[in-house]
Every structure is written in structure tokens, then in C-alpha cells.
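Structure data (PDB, C-alpha atoms and all ligand atoms) from protein11.pdb:
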```
MODEL        1
ATOM      1  CA  MET X   1      -1.042   4.679  18.568
ATOM      2  CA  ASN X   2      -1.338   1.022  19.507
ATOM      3  CA  TYR X   3      -1.171  -0.409  16.014
ATOM      4  CA  ARG X   4       2.037  -2.322  15.185
ATOM      5  CA  HIS X   5       2.270  -3.470  11.607
ATOM      6  CA  ALA X   6       4.789  -6.204  12.513
ATOM      7  CA  PHE X   7       1.864  -8.390  13.674
ATOM      8  CA  HIS X   8       0.246  -8.208  10.233
ATOM      9  CA  ALA X   9       3.202  -7.972   7.851
ATOM     10  CA  GLY X  10       2.878 -10.150   4.761
ATOM     11  CA  ASN X  11      -0.811 -10.915   5.361
ATOM     12  CA  PHE X  12      -3.449 -10.940   2.593
ATOM     13  CA  ALA X  13      -3.972  -7.181   2.849
ATOM     14  CA  ASP X  14      -0.238  -6.521   2.501
ATOM     15  CA  VAL X  15       0.064  -8.801  -0.521
ATOM     16  CA  PHE X  16      -2.904  -7.071  -2.183
ATOM     17  CA  LYS X  17      -1.528  -3.588  -1.463
ATOM     18  CA  HIS X  18       2.111  -4.288  -2.283
ATOM     19  CA  LEU X  19       1.372  -6.115  -5.521
ATOM     20  CA  LEU X  20      -0.762  -3.204  -6.719
ATOM     21  CA  LEU X  21       1.879  -0.681  -5.623
ATOM     22  CA  SER X  22       4.510  -2.646  -7.527
ATOM     23  CA  ARG X  23       2.396  -2.428 -10.698
ATOM     24  CA  ILE X  24       1.953   1.345 -10.277
ATOM     25  CA  LEU X  25       5.687   1.844  -9.700
ATOM     26  CA  VAL X  26       6.642  -0.344 -12.662
ATOM     27  CA  TYR X  27       4.441   1.763 -14.887
ATOM     28  CA  MET X  28       5.608   5.104 -13.492
ATOM     29  CA  THR X  29       9.302   4.236 -13.862
ATOM     30  CA  GLN X  30       8.971   3.497 -17.568
ATOM     31  CA  LYS X  31       9.510   7.188 -18.355
ATOM     32  CA  ASP X  32      13.040   8.526 -17.756
ATOM     33  CA  ALA X  33      11.795  11.639 -15.948
ATOM     34  CA  PRO X  34      12.444  11.472 -12.183
ATOM     35  CA  MET X  35       9.584  10.838  -9.796
ATOM     36  CA  ARG X  36       9.008  11.129  -6.064
ATOM     37  CA  TYR X  37       7.495   8.532  -3.747
ATOM     38  CA  LEU X  38       5.820   9.825  -0.588
ATOM     39  CA  ASP X  39       4.782   7.238   2.025
ATOM     40  CA  THR X  40       2.760   9.019   4.733
ATOM     41  CA  HIS X  41       2.437   6.007   7.079
ATOM     42  CA  ALA X  42       5.586   4.049   6.326
ATOM     43  CA  GLY X  43       5.827   1.484   9.138
ATOM     44  CA  VAL X  44       9.259  -0.033   9.757
ATOM     45  CA  GLY X  45      10.138  -0.746   6.129
ATOM     46  CA  ARG X  46      11.000  -4.444   6.292
ATOM     47  CA  TYR X  47       9.647  -7.204   8.525
ATOM     48  CA  ASP X  48      11.105 -10.347  10.034
ATOM     49  CA  LEU X  49       8.390 -12.956   9.554
ATOM     50  CA  ALA X  50      10.231 -15.323  11.901
ATOM     51  CA  GLY X  51      10.129 -12.615  14.591
ATOM     52  CA  GLU X  52       7.971 -12.696  17.703
ATOM     53  CA  GLU X  53       5.146 -10.485  16.417
ATOM     54  CA  ALA X  54       4.667 -12.271  13.080
ATOM     55  CA  GLN X  55       4.985 -15.668  14.755
ATOM     56  CA  ARG X  56       2.278 -14.766  17.240
ATOM     57  CA  THR X  57      -0.393 -14.184  14.564
ATOM     58  CA  LEU X  58       1.036 -16.215  11.648
ATOM     59  CA  GLU X  59      -1.049 -13.964   9.367
ATOM     60  CA  TRP X  60       1.698 -14.082   6.734
ATOM     61  CA  ARG X  61       0.868 -17.741   6.060
ATOM     62  CA  GLY X  62      -2.465 -16.750   4.509
ATOM     63  CA  GLY X  63      -0.774 -13.940   2.558
ATOM     64  CA  VAL X  64       2.729 -14.193   1.156
ATOM     65  CA  GLY X  65       2.825 -17.830   2.306
ATOM     66  CA  ALA X  66      -0.087 -18.611  -0.030
ATOM     67  CA  ILE X  67       1.758 -17.375  -3.120
ATOM     68  CA  PRO X  68       3.249 -20.407  -4.862
ATOM     69  CA  LEU X  69       7.003 -20.680  -5.103
ATOM     70  CA  ARG X  70       6.895 -21.879  -8.692
ATOM     71  CA  GLY X  71       4.614 -22.726 -11.591
ATOM     72  CA  LEU X  72       2.741 -19.432 -12.029
ATOM     73  CA  PRO X  73       0.999 -19.234 -15.403
ATOM     74  CA  GLY X  74       2.573 -16.810 -17.934
ATOM     75  CA  PRO X  75       0.545 -13.564 -17.578
ATOM     76  CA  LEU X  76       0.508 -13.843 -13.778
ATOM     77  CA  ALA X  77       4.212 -14.607 -13.648
ATOM     78  CA  ASP X  78       4.886 -11.370 -15.571
ATOM     79  CA  LEU X  79       2.601  -9.289 -13.336
ATOM     80  CA  LEU X  80       4.058 -10.692 -10.119
ATOM     81  CA  ALA X  81       7.712 -10.653 -11.227
ATOM     82  CA  PRO X  82       8.736  -7.192  -9.887
ATOM     83  CA  TRP X  83       7.131  -7.811  -6.479
ATOM     84  CA  LEU X  84       8.604 -11.323  -6.253
ATOM     85  CA  ALA X  85      12.016  -9.911  -7.150
ATOM     86  CA  ALA X  86      11.684  -7.422  -4.266
ATOM     87  CA  LEU X  87      10.789 -10.319  -1.920
ATOM     88  CA  GLY X  88      13.963 -12.195  -2.831
ATOM     89  CA  GLU X  89      14.522 -15.842  -1.954
ATOM     90  CA  ARG X  90      11.691 -17.539  -0.062
ATOM     91  CA  ASP X  91      11.906 -20.708   1.997
ATOM     92  CA  GLU X  92       9.731 -23.762   1.357
ATOM     93  CA  GLN X  93       6.895 -22.197   3.391
ATOM     94  CA  GLY X  94       6.962 -19.187   1.065
ATOM     95  CA  ARG X  95       8.575 -16.957   3.698
ATOM     96  CA  PRO X  96      11.166 -14.391   2.567
ATOM     97  CA  ALA X  97      14.189 -13.614   4.758
ATOM     98  CA  ALA X  98      12.646 -10.182   5.357
ATOM     99  CA  TYR X  99       9.244  -9.117   4.045
ATOM    100  CA  PRO X 100       9.456  -5.756   2.212
ATOM    101  CA  GLY X 101       6.860  -3.237   3.376
ATOM    102  CA  SER X 102       5.887  -0.360   1.105
ATOM    103  CA  PRO X 103       9.123   1.638   1.768
ATOM    104  CA  ALA X 104      11.434  -1.286   0.951
ATOM    105  CA  LEU X 105       9.366  -2.164  -2.110
ATOM    106  CA  ALA X 106       9.632   1.396  -3.416
ATOM    107  CA  GLN X 107      13.332   1.528  -2.593
ATOM    108  CA  TYR X 108      13.810  -1.618  -4.659
ATOM    109  CA  LEU X 109      11.750  -0.513  -7.675
ATOM    110  CA  LEU X 110      12.745   3.143  -7.924
ATOM    111  CA  ARG X 111      15.758   4.323  -9.939
ATOM    112  CA  SER X 112      18.790   6.479  -9.193
ATOM    113  CA  GLN X 113      17.004   9.648 -10.401
ATOM    114  CA  ASP X 114      13.986   9.145  -8.095
ATOM    115  CA  LYS X 115      13.404  10.278  -4.501
ATOM    116  CA  LEU X 116      11.621   8.746  -1.517
ATOM    117  CA  ILE X 117      10.095  10.471   1.505
ATOM    118  CA  LEU X 118       9.103   8.059   4.275
ATOM    119  CA  CYS X 119       7.028   9.328   7.203
ATOM    120  CA  GLU X 120       6.350   7.486  10.447
ATOM    121  CA  LEU X 121       5.019   8.926  13.695
ATOM    122  CA  HIS X 122       5.566   6.111  16.206
ATOM    123  CA  PRO X 123       8.997   6.821  17.773
ATOM    124  CA  LYS X 124      10.041   3.184  18.045
ATOM    125  CA  ASP X 125       8.882   2.306  14.545
ATOM    126  CA  PHE X 126      10.542   5.445  13.224
ATOM    127  CA  ARG X 127      13.891   4.345  14.674
ATOM    128  CA  ALA X 128      13.365   0.873  13.208
ATOM    129  CA  LEU X 129      12.468   2.389   9.835
ATOM    130  CA  ARG X 130      15.691   4.391   9.714
ATOM    131  CA  GLU X 131      17.666   1.333  10.672
ATOM    132  CA  THR X 132      16.076  -1.199   8.305
ATOM    133  CA  MET X 133      16.135   1.127   5.305
ATOM    134  CA  GLY X 134      19.852   1.855   5.693
ATOM    135  CA  ARG X 135      21.652   4.643   3.919
ATOM    136  CA  ASP X 136      20.267   5.753   0.595
ATOM    137  CA  ARG X 137      20.969   9.193  -0.813
ATOM    138  CA  ARG X 138      17.594   9.187  -2.595
ATOM    139  CA  MET X 139      15.663   8.765   0.645
ATOM    140  CA  LYS X 140      14.572  10.841   3.654
ATOM    141  CA  CYS X 141      12.902   9.308   6.711
ATOM    142  CA  ILE X 142      10.885  11.858   8.684
ATOM    143  CA  GLU X 143       9.250  11.481  12.108
ATOM    144  CA  ILE X 144       6.067  13.365  11.396
ATOM    145  CA  ASP X 145       2.293  12.988  11.304
ATOM    146  CA  GLY X 146       1.505  11.525   7.886
ATOM    147  CA  TYR X 147      -1.370  13.897   7.195
ATOM    148  CA  MET X 148       0.826  16.900   7.972
ATOM    149  CA  ALA X 149       3.441  15.465   5.630
ATOM    150  CA  LEU X 150       0.838  15.153   2.910
ATOM    151  CA  LYS X 151       0.122  18.833   3.256
ATOM    152  CA  ALA X 152       3.791  19.814   3.414
ATOM    153  CA  TYR X 153       5.307  17.689   0.632
ATOM    154  CA  VAL X 154       2.980  18.088  -2.334
ATOM    155  CA  PRO X 155       3.415  19.035  -5.044
ATOM    156  CA  PRO X 156       6.904  17.560  -5.252
ATOM    157  CA  PRO X 157       9.537  19.485  -7.204
ATOM    158  CA  GLU X 158       9.615  16.733  -9.868
ATOM    159  CA  ARG X 159       5.863  17.189 -10.489
ATOM    160  CA  ARG X 160       5.604  13.422 -10.967
ATOM    161  CA  GLY X 161       5.044  10.984  -8.198
ATOM    162  CA  LEU X 162       3.124   8.499  -6.132
ATOM    163  CA  VAL X 163       1.656   9.258  -2.713
ATOM    164  CA  VAL X 164       0.784   6.235  -0.560
ATOM    165  CA  VAL X 165      -1.524   6.836   2.402
ATOM    166  CA  ASP X 166      -1.774   3.732   4.577
ATOM    167  CA  PRO X 167      -3.086   4.670   8.038
ATOM    168  CA  PRO X 168      -3.816   2.099  10.743
ATOM    169  CA  PHE X 169      -7.576   2.848  10.884
ATOM    170  CA  GLU X 170      -7.524   2.839  14.677
ATOM    171  CA  SER X 171      -9.785   5.851  14.994
ATOM    172  CA  VAL X 172     -13.436   5.851  13.966
ATOM    173  CA  ASP X 173     -13.059   8.980  11.813
ATOM    174  CA  GLU X 174     -10.060   7.714   9.806
ATOM    175  CA  PHE X 175     -12.023   7.640   6.516
ATOM    176  CA  GLU X 176     -13.012  11.298   6.969
ATOM    177  CA  ARG X 177      -9.496  12.342   8.013
ATOM    178  CA  MET X 178      -7.954  10.543   5.070
ATOM    179  CA  ALA X 179     -10.474  11.989   2.602
ATOM    180  CA  GLN X 180      -9.915  15.505   3.936
ATOM    181  CA  ALA X 181      -6.111  15.264   3.917
ATOM    182  CA  PHE X 182      -6.153  13.748   0.447
ATOM    183  CA  LEU X 183      -8.495  16.414  -0.941
ATOM    184  CA  ASP X 184      -6.345  19.212   0.472
ATOM    185  CA  ALA X 185      -3.313  17.673  -1.255
ATOM    186  CA  TRP X 186      -5.182  16.903  -4.479
ATOM    187  CA  ARG X 187      -6.337  20.523  -4.774
ATOM    188  CA  LYS X 188      -2.669  21.584  -4.611
ATOM    189  CA  TRP X 189      -1.552  18.794  -6.924
ATOM    190  CA  PRO X 190      -4.397  17.312  -8.978
ATOM    191  CA  THR X 191      -2.148  15.355 -11.362
ATOM    192  CA  GLY X 192      -0.298  13.257  -8.768
ATOM    193  CA  VAL X 193      -0.963   9.546  -8.442
ATOM    194  CA  TYR X 194      -2.394   8.697  -5.021
ATOM    195  CA  ALA X 195      -3.009   5.259  -3.475
ATOM    196  CA  LEU X 196      -5.212   5.350  -0.379
ATOM    197  CA  TRP X 197      -5.550   2.122   1.594
ATOM    198  CA  HIS X 198      -8.769   1.307   3.420
ATOM    199  CA  PRO X 199     -10.345  -1.691   5.157
ATOM    200  CA  VAL X 200     -13.466  -3.270   3.674
ATOM    201  CA  LYS X 201     -15.688  -3.813   6.688
ATOM    202  CA  ASP X 202     -18.716  -1.625   6.263
ATOM    203  CA  GLU X 203     -19.852  -1.020   2.690
ATOM    204  CA  ARG X 204     -21.790   2.103   3.621
ATOM    205  CA  ALA X 205     -18.664   3.718   5.109
ATOM    206  CA  THR X 206     -16.608   2.794   2.041
ATOM    207  CA  ASP X 207     -19.291   4.063  -0.351
ATOM    208  CA  ALA X 208     -19.470   7.333   1.611
ATOM    209  CA  PHE X 209     -15.680   7.745   1.291
ATOM    210  CA  TYR X 210     -15.765   7.319  -2.492
ATOM    211  CA  GLY X 211     -18.854   9.541  -2.625
ATOM    212  CA  ASP X 212     -16.935  12.315  -0.820
ATOM    213  CA  LEU X 213     -14.101  12.119  -3.347
ATOM    214  CA  ARG X 214     -16.502  12.281  -6.295
ATOM    215  CA  ALA X 215     -18.508  15.113  -4.742
ATOM    216  CA  ALA X 216     -15.282  17.116  -4.407
ATOM    217  CA  GLY X 217     -14.691  16.777  -8.162
ATOM    218  CA  VAL X 218     -12.078  13.988  -8.260
ATOM    219  CA  GLU X 219     -12.632  12.244 -11.566
ATOM    220  CA  LYS X 220     -10.167   9.455 -12.148
ATOM    221  CA  ILE X 221     -10.675   7.006  -9.302
ATOM    222  CA  LEU X 222     -10.115   3.273  -9.418
ATOM    223  CA  ARG X 223     -11.744   1.286  -6.598
ATOM    224  CA  LEU X 224      -9.917  -1.958  -5.939
ATOM    225  CA  GLU X 225     -11.029  -4.429  -3.293
ATOM    226  CA  LEU X 226     -10.421  -7.953  -2.173
ATOM    227  CA  SER X 227     -12.688  -9.613   0.386
ATOM    228  CA  LEU X 228     -11.864 -13.067   1.642
ATOM    229  CA  ALA X 229     -15.274 -13.462   3.291
ATOM    230  CA  PRO X 230     -18.348 -11.341   4.081
ATOM    231  CA  PRO X 231     -17.735  -8.766   6.879
ATOM    232  CA  THR X 232     -17.776 -10.329  10.342
ATOM    233  CA  ALA X 233     -19.864  -9.078  13.270
ATOM    234  CA  GLU X 234     -16.783  -8.612  15.456
ATOM    235  CA  GLY X 235     -15.114  -6.462  12.794
ATOM    236  CA  ARG X 236     -12.112  -8.685  12.028
ATOM    237  CA  LEU X 237     -10.270  -7.593   8.885
ATOM    238  CA  VAL X 238     -11.416  -9.859   6.058
ATOM    239  CA  GLY X 239     -11.512  -7.280   3.278
ATOM    240  CA  THR X 240      -8.969  -4.798   1.968
ATOM    241  CA  GLY X 241      -9.167  -1.930  -0.478
ATOM    242  CA  LEU X 242      -7.108   0.596  -2.371
ATOM    243  CA  ALA X 243      -8.435   3.792  -3.927
ATOM    244  CA  VAL X 244      -6.102   4.826  -6.734
ATOM    245  CA  ILE X 245      -6.472   8.362  -7.993
ATOM    246  CA  ASN X 246      -5.102   9.103 -11.474
ATOM    247  CA  PRO X 247      -4.243   5.416 -11.942
ATOM    248  CA  PRO X 248      -1.901   4.306 -14.710
ATOM    249  CA  HIS X 249      -4.174   3.372 -17.620
ATOM    250  CA  VAL X 250      -3.144  -0.323 -17.514
ATOM    251  CA  LEU X 251      -3.873  -0.775 -13.810
ATOM    252  CA  ALA X 252      -7.578  -1.679 -14.078
ATOM    253  CA  GLN X 253      -6.802  -4.274 -16.724
ATOM    254  CA  GLU X 254      -3.982  -5.770 -14.639
ATOM    255  CA  ALA X 255      -6.116  -5.765 -11.496
ATOM    256  CA  ARG X 256      -8.793  -7.746 -13.364
ATOM    257  CA  VAL X 257      -6.205 -10.499 -13.801
ATOM    258  CA  LEU X 258      -4.469 -10.203 -10.431
ATOM    259  CA  LEU X 259      -7.277  -9.764  -7.928
ATOM    260  CA  PRO X 260      -9.486 -12.747  -8.838
ATOM    261  CA  TRP X 261      -6.362 -14.888  -8.745
ATOM    262  CA  LEU X 262      -5.396 -13.519  -5.311
ATOM    263  CA  ALA X 263      -8.962 -14.200  -4.143
ATOM    264  CA  SER X 264      -8.644 -17.825  -5.227
ATOM    265  CA  ARG X 265      -5.196 -18.242  -3.610
ATOM    266  CA  MET X 266      -5.815 -16.486  -0.314
ATOM    267  CA  GLY X 267      -9.569 -16.866   0.216
ATOM    268  CA  GLY X 268     -12.236 -19.549   0.156
ATOM    269  CA  PRO X 269     -15.272 -19.913  -2.092
ATOM    270  CA  GLN X 270     -16.761 -16.682  -0.711
ATOM    271  CA  ALA X 271     -13.761 -14.530  -1.657
ATOM    272  CA  ARG X 272     -14.525 -11.637  -4.012
ATOM    273  CA  ALA X 273     -12.510  -9.125  -6.012
ATOM    274  CA  ARG X 274     -13.781  -5.730  -7.131
ATOM    275  CA  VAL X 275     -12.291  -3.514  -9.844
ATOM    276  CA  GLU X 276     -14.389  -0.462 -10.563
ATOM    277  CA  ASP X 277     -13.899   2.890 -12.229
ATOM    278  CA  VAL X 278     -15.739   5.248  -9.920
ATOM    279  CA  ALA X 279     -17.763   7.621 -12.020
TER     280      ALA X 279
HETATM  281  C1  LIG D 301      -0.521   0.046   8.140
HETATM  282  S1  LIG D 301       0.989   0.558   8.849
HETATM  283  C2  LIG D 301       1.964   1.007   7.455
HETATM  284  C3  LIG D 301       2.445  -0.126   6.613
HETATM  285  C4  LIG D 301       3.305   0.279   5.457
HETATM  286  N1  LIG D 301       2.710   1.363   4.675
HETATM  287  C5  LIG D 301       3.562  -0.900   4.548
HETATM  288  O1  LIG D 301       2.781  -1.137   3.610
HETATM  289  O2  LIG D 301       4.569  -1.585   4.749
HETATM  290  C6  LIG D 301       0.578   2.130   9.526
HETATM  291  C7  LIG D 301       1.735   2.831  10.193
HETATM  292  O3  LIG D 301       1.339   4.178  10.465
HETATM  293  C8  LIG D 301       1.929   4.603  11.669
HETATM  294  N2  LIG D 301       1.153   5.769  12.124
HETATM  295  C9  LIG D 301       0.048   5.814  12.913
HETATM  296  N3  LIG D 301      -0.424   7.066  12.979
HETATM  297  C10 LIG D 301       0.380   7.828  12.200
HETATM  298  C11 LIG D 301       0.387   9.185  11.834
HETATM  299  N4  LIG D 301      -0.543  10.037  12.292
HETATM  300  N5  LIG D 301       1.348   9.626  10.997
HETATM  301  C12 LIG D 301       2.298   8.784  10.509
HETATM  302  N6  LIG D 301       2.347   7.483  10.835
HETATM  303  C13 LIG D 301       1.400   7.007  11.657
HETATM  304  C14 LIG D 301       1.886   3.386  12.540
HETATM  305  O4  LIG D 301       2.852   3.479  13.580
HETATM  306  C15 LIG D 301       2.171   2.270  11.536
HETATM  307  O5  LIG D 301       3.547   1.987  11.503
ENDMDL
END
```
Rendering of file as C-alpha cells:
Amino acid sequence: MNYRHAFHAGNFADVFKHLLLSRILVYMTQKDAPMRYLDTHAGVGRYDLAGEEAQRTLEWRGGVGAIPLRGLPGPLADLLAPWLAALGERDEQGRPAAYPGSPALAQYLLRSQDKLILCELHPKDFRALRETMGRDRRMKCIEIDGYMALKAYVPPPERRGLVVVDPPFESVDEFERMAQAFLDAWRKWPTGVYALWHPVKDERATDAFYGDLRAAGVEKILRLELSLAPPTAEGRLVGTGLAVINPPHVLAQEARVLLPWLASRMGGPQARARVEDVA
């Protein structure tokens, strides 16, 4: 486990993922019934963008730093508002005091009746996660393999919830492992909402992943992608994706507004957004 998210926090892939997660959470918290949020690969929760790791790559500048501080047009302002509220004050460079990762975003958007389970396997990051997230009676941080957690914690007692699977994609078989772990969970709990993050580097590998989900009988799949440029030969991350299973019905429509705008803010003329119901 060499991957450290602190080097990449707030980059274009984080903005894409966190904005979409904020829209899912906003929708799911409209009903009073409690829900559960399960984050299988939680990271450290919140990131210091002035810290050594983020300063070394400066990736955040092309991500959260590219989101304007003011003057967003009406529909975009509404769609971004919950995520921007979770970010809090930003300095003139667009840098928040601490960038909220998926756990901190969920902690901010969930209500008193909801629960969070945050899983992280790296011992140092797990300690940091517990520290940055503070005390919250709704929340449990668990040092566990995320795929084991997925098996162990679904279905949740509330029978409503969002599962976020955001592995580091360090190993060559990560797509297969994620598909398998997801399918095992989905068979136990087919009505849950699942958001599975993946890189967009090799279209054949991504198509095969979605093909595996469809072949297993998963029906409601939304394929969301943002590519800043065509894939590079050296495999640098220039494209990011999220597979949302059982998506809120408004998500595709919102993504059709959000993603092209993100492409124009964070990418050049070759940037592309993709919003597709996988059928
Ligand atoms: C992409 S980062 C997560 C970022 C986080 N979800 C966010 O959006 O803020 C992936 C995290 O998974 C952790 N990790 C790696 N292998 C894991 C495993 N098998 N189980 C749980 N966590 C793992 C890494 O230490 C890293 O912190």
C-alpha cells in the first residue's frame, strides 16, 4: 500500500467525485428515514492543501483551485452549493483551510438520524482519519480491508444507504476485485445505492468492468466520466469515472449540467464528459 491520497487531495478527480457524491447525499437526505453511509476506502478524511504532500504536486490547483470563488451562474450555483458549503471559506487561490475528503463531506451533509462507517486499512492513515474526523456519535472508523467491510456491513439495518468504493487502483486486477466485491454485496442488498470510483485510462478495461456488472444482472447503472485529455502512454491519470448503481433519478440530469462545466473549468479543449445509462 504505497498510495497516499494526501498527494492528490482536491485534484480534478476529487472534485468530480465529491461533487457527484454531494448530489447523491443531498437527494438521499430529502426523506426523513435514516440512512447509512459506508466508505470502504476512506483515506484520512480531511486534507491540508498547504501541507508538504499537496504542495509537492500542487494537483489541487487544477481541481478545487479551478472552481471560481464567485459569479457562478444560477443552476450551477445551486448544484455546487452543498459541496461548497462543506469546503467552507477559501482563500484567493481557491484553497480551503482543509479540503474535505469523502468522509468529511458525508459527515457534513448527513443528519442526526444517519450513520457513517469509515474504513481505512493503512495504519497511519487510519490514525489520521480517527483524529481528523473527531468525535461523532453517528460515526465508526474501522481499520479493515474495504472489500471485507463491504461484505460485512451490507445490508445496513436502516435498509437505506450509500456505499462508496474508492480504491487506489495500485494493483492490476483492481477492476476485477472491485466488481467481484460489489456484486457479492449487491446480491445481498440489491436496492442500495453504490458509487464505485475508477480511473479512465484504458477504455477496454472500463468497458469490460461495466460489461461484467451488466452480465451479472445489474440493471440501473449510470456511467459518469470526465477526461481532461486523451489517455497518455505513460498512464498518468487524466480521466476519472464513477459508476453509480441505483442512482437517484435526478443524477443523470444534474451530471449533464455539471460535468461539461467541470470539463471546461479543469480541462483544455480536448476535455470530455460522459453521462450514460448503461443498458
Ligand atoms: C483514493 S484514497 C480514498 C479517498 C477518499 N475516499 C476520499 O474521497 O477522500 C484510497 C484509500 O484507500 C486506502 N486503502 C488501500 N487499500 C485498502 C484496502 N484494501 N482497504 C481499505 N483501504 C485501503 C488507502 O490507504 C487510501 O487512503
The PyMOL selection byres (((chain X and resi 142) around 12) and not hetatm) applied to the shown file, residues as a PyMOL selection string: chain X and resi 38-43+116-123+125-127+129-130+139-141+143-146+148-149+152-153
May I ask which of the residues X:Arg223, X:Arg46, X:Arg137, X:Lys31 is the closest one to ligand LIG 301 (chain D), counting only C-alpha atoms and all ligand atoms? X:Arg46
Would you translate the PyMOL selection byres (((chain X and resi 161) around 10) and not hetatm) into the concrete set of residues it matches in this file, as JSON, numbers by chain? {"X": [25, 28, 29, 34, 35, 36, 37, 38, 114, 115, 116, 154, 155, 156, 157, 158, 159, 160, 162, 163, 164, 191, 192, 193, 194]}
Using all atoms listed in the file, which of the listed residues (X:Ala185, X:Ala255, X:Thr206, X:Glu176) sits closest to Ser22 in chain X?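 Closest to Ser22 in chain X of all the choices is X:Ala255.
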Please enclose the listed atoms of ligand LIG 301 (chain D) in an axis-aligned box, pad each side by 4 Å, and write out the centre and the three edge lengths in Å, rounded to one decimal, as AutoDock Vina command-line options.
```
--center_x 2.0 --center_y 4.2 --center_z 8.6 --size_x 13.1 --size_y 19.6 --size_z 18.0
```
So which one's closest to ligand LIG 301 (chain D), X:Lys17, X:Arg23, X:Lys188, X:Arg61? Using only C-alpha atoms and all ligand atoms, please.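 Closest candidate: X:Lys17.
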Write out as an MDAnalysis selection string each polymer residue whose atoms come within 9 Å of Leu258 in chain X, counting all atoms listed in the file; drop sequence neighbours fewer than 4 positions from it. chainID X and resid 16 19:20 76 79:80 253:254 262:263
One-decimal distance in Å that lies between CA of Leu87 in chain X and CA of Gly63 in chain X: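 Answer for the CA of Gly63 in chain X to CA of Leu87 in chain X separation: 12.9 Å.
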How would range 203-215 of chain X look with N, CA, C and O atoms restored, written as a compact mmCIF listing (two decimals), keeping the file's coordinate frame?
```
# COMPACT_ATOMS: atom_id res chain seq x y z
N GLU X 203 -19.72 -1.53 4.06
CA GLU X 203 -19.85 -1.02 2.69
C GLU X 203 -20.38 0.41 2.65
O GLU X 203 -19.98 1.21 1.80
N ARG X 204 -21.24 0.73 3.62
CA ARG X 204 -21.79 2.10 3.62
C ARG X 204 -20.69 3.13 3.87
O ARG X 204 -20.65 4.18 3.25
N ALA X 205 -19.77 2.80 4.80
CA ALA X 205 -18.66 3.72 5.11
C ALA X 205 -17.75 3.85 3.90
O ALA X 205 -17.29 4.95 3.56
N THR X 206 -17.49 2.74 3.21
CA THR X 206 -16.61 2.79 2.04
C THR X 206 -17.28 3.57 0.92
O THR X 206 -16.65 4.42 0.27
N ASP X 207 -18.57 3.33 0.69
CA ASP X 207 -19.29 4.06 -0.35
C ASP X 207 -19.28 5.56 -0.05
O ASP X 207 -19.12 6.39 -0.95
N ALA X 208 -19.45 5.91 1.24
CA ALA X 208 -19.47 7.33 1.61
C ALA X 208 -18.11 7.98 1.32
O ALA X 208 -18.04 9.11 0.84
N PHE X 209 -17.04 7.24 1.56
CA PHE X 209 -15.68 7.74 1.29
C PHE X 209 -15.53 8.06 -0.21
O PHE X 209 -15.12 9.16 -0.59
N TYR X 210 -15.89 7.08 -1.05
CA TYR X 210 -15.76 7.32 -2.49
C TYR X 210 -16.72 8.43 -2.93
O TYR X 210 -16.38 9.25 -3.81
N GLY X 211 -17.89 8.48 -2.31
CA GLY X 211 -18.85 9.54 -2.62
C GLY X 211 -18.27 10.92 -2.32
O GLY X 211 -18.44 11.86 -3.09
N ASP X 212 -17.55 11.03 -1.19
CA ASP X 212 -16.93 12.32 -0.82
C ASP X 212 -15.90 12.74 -1.86
O ASP X 212 -15.79 13.91 -2.21
N LEU X 213 -15.13 11.78 -2.35
CA LEU X 213 -14.10 12.12 -3.35
C LEU X 213 -14.77 12.60 -4.63
O LEU X 213 -14.36 13.61 -5.22
N ARG X 214 -15.80 11.90 -5.06
CA ARG X 214 -16.50 12.28 -6.30
C ARG X 214 -17.17 13.65 -6.13
O ARG X 214 -17.10 14.48 -7.02
N ALA X 215 -17.79 13.85 -4.97
CA ALA X 215 -18.51 15.11 -4.74
C ALA X 215 -17.53 16.29 -4.77
O ALA X 215 -17.91 17.41 -5.13
```
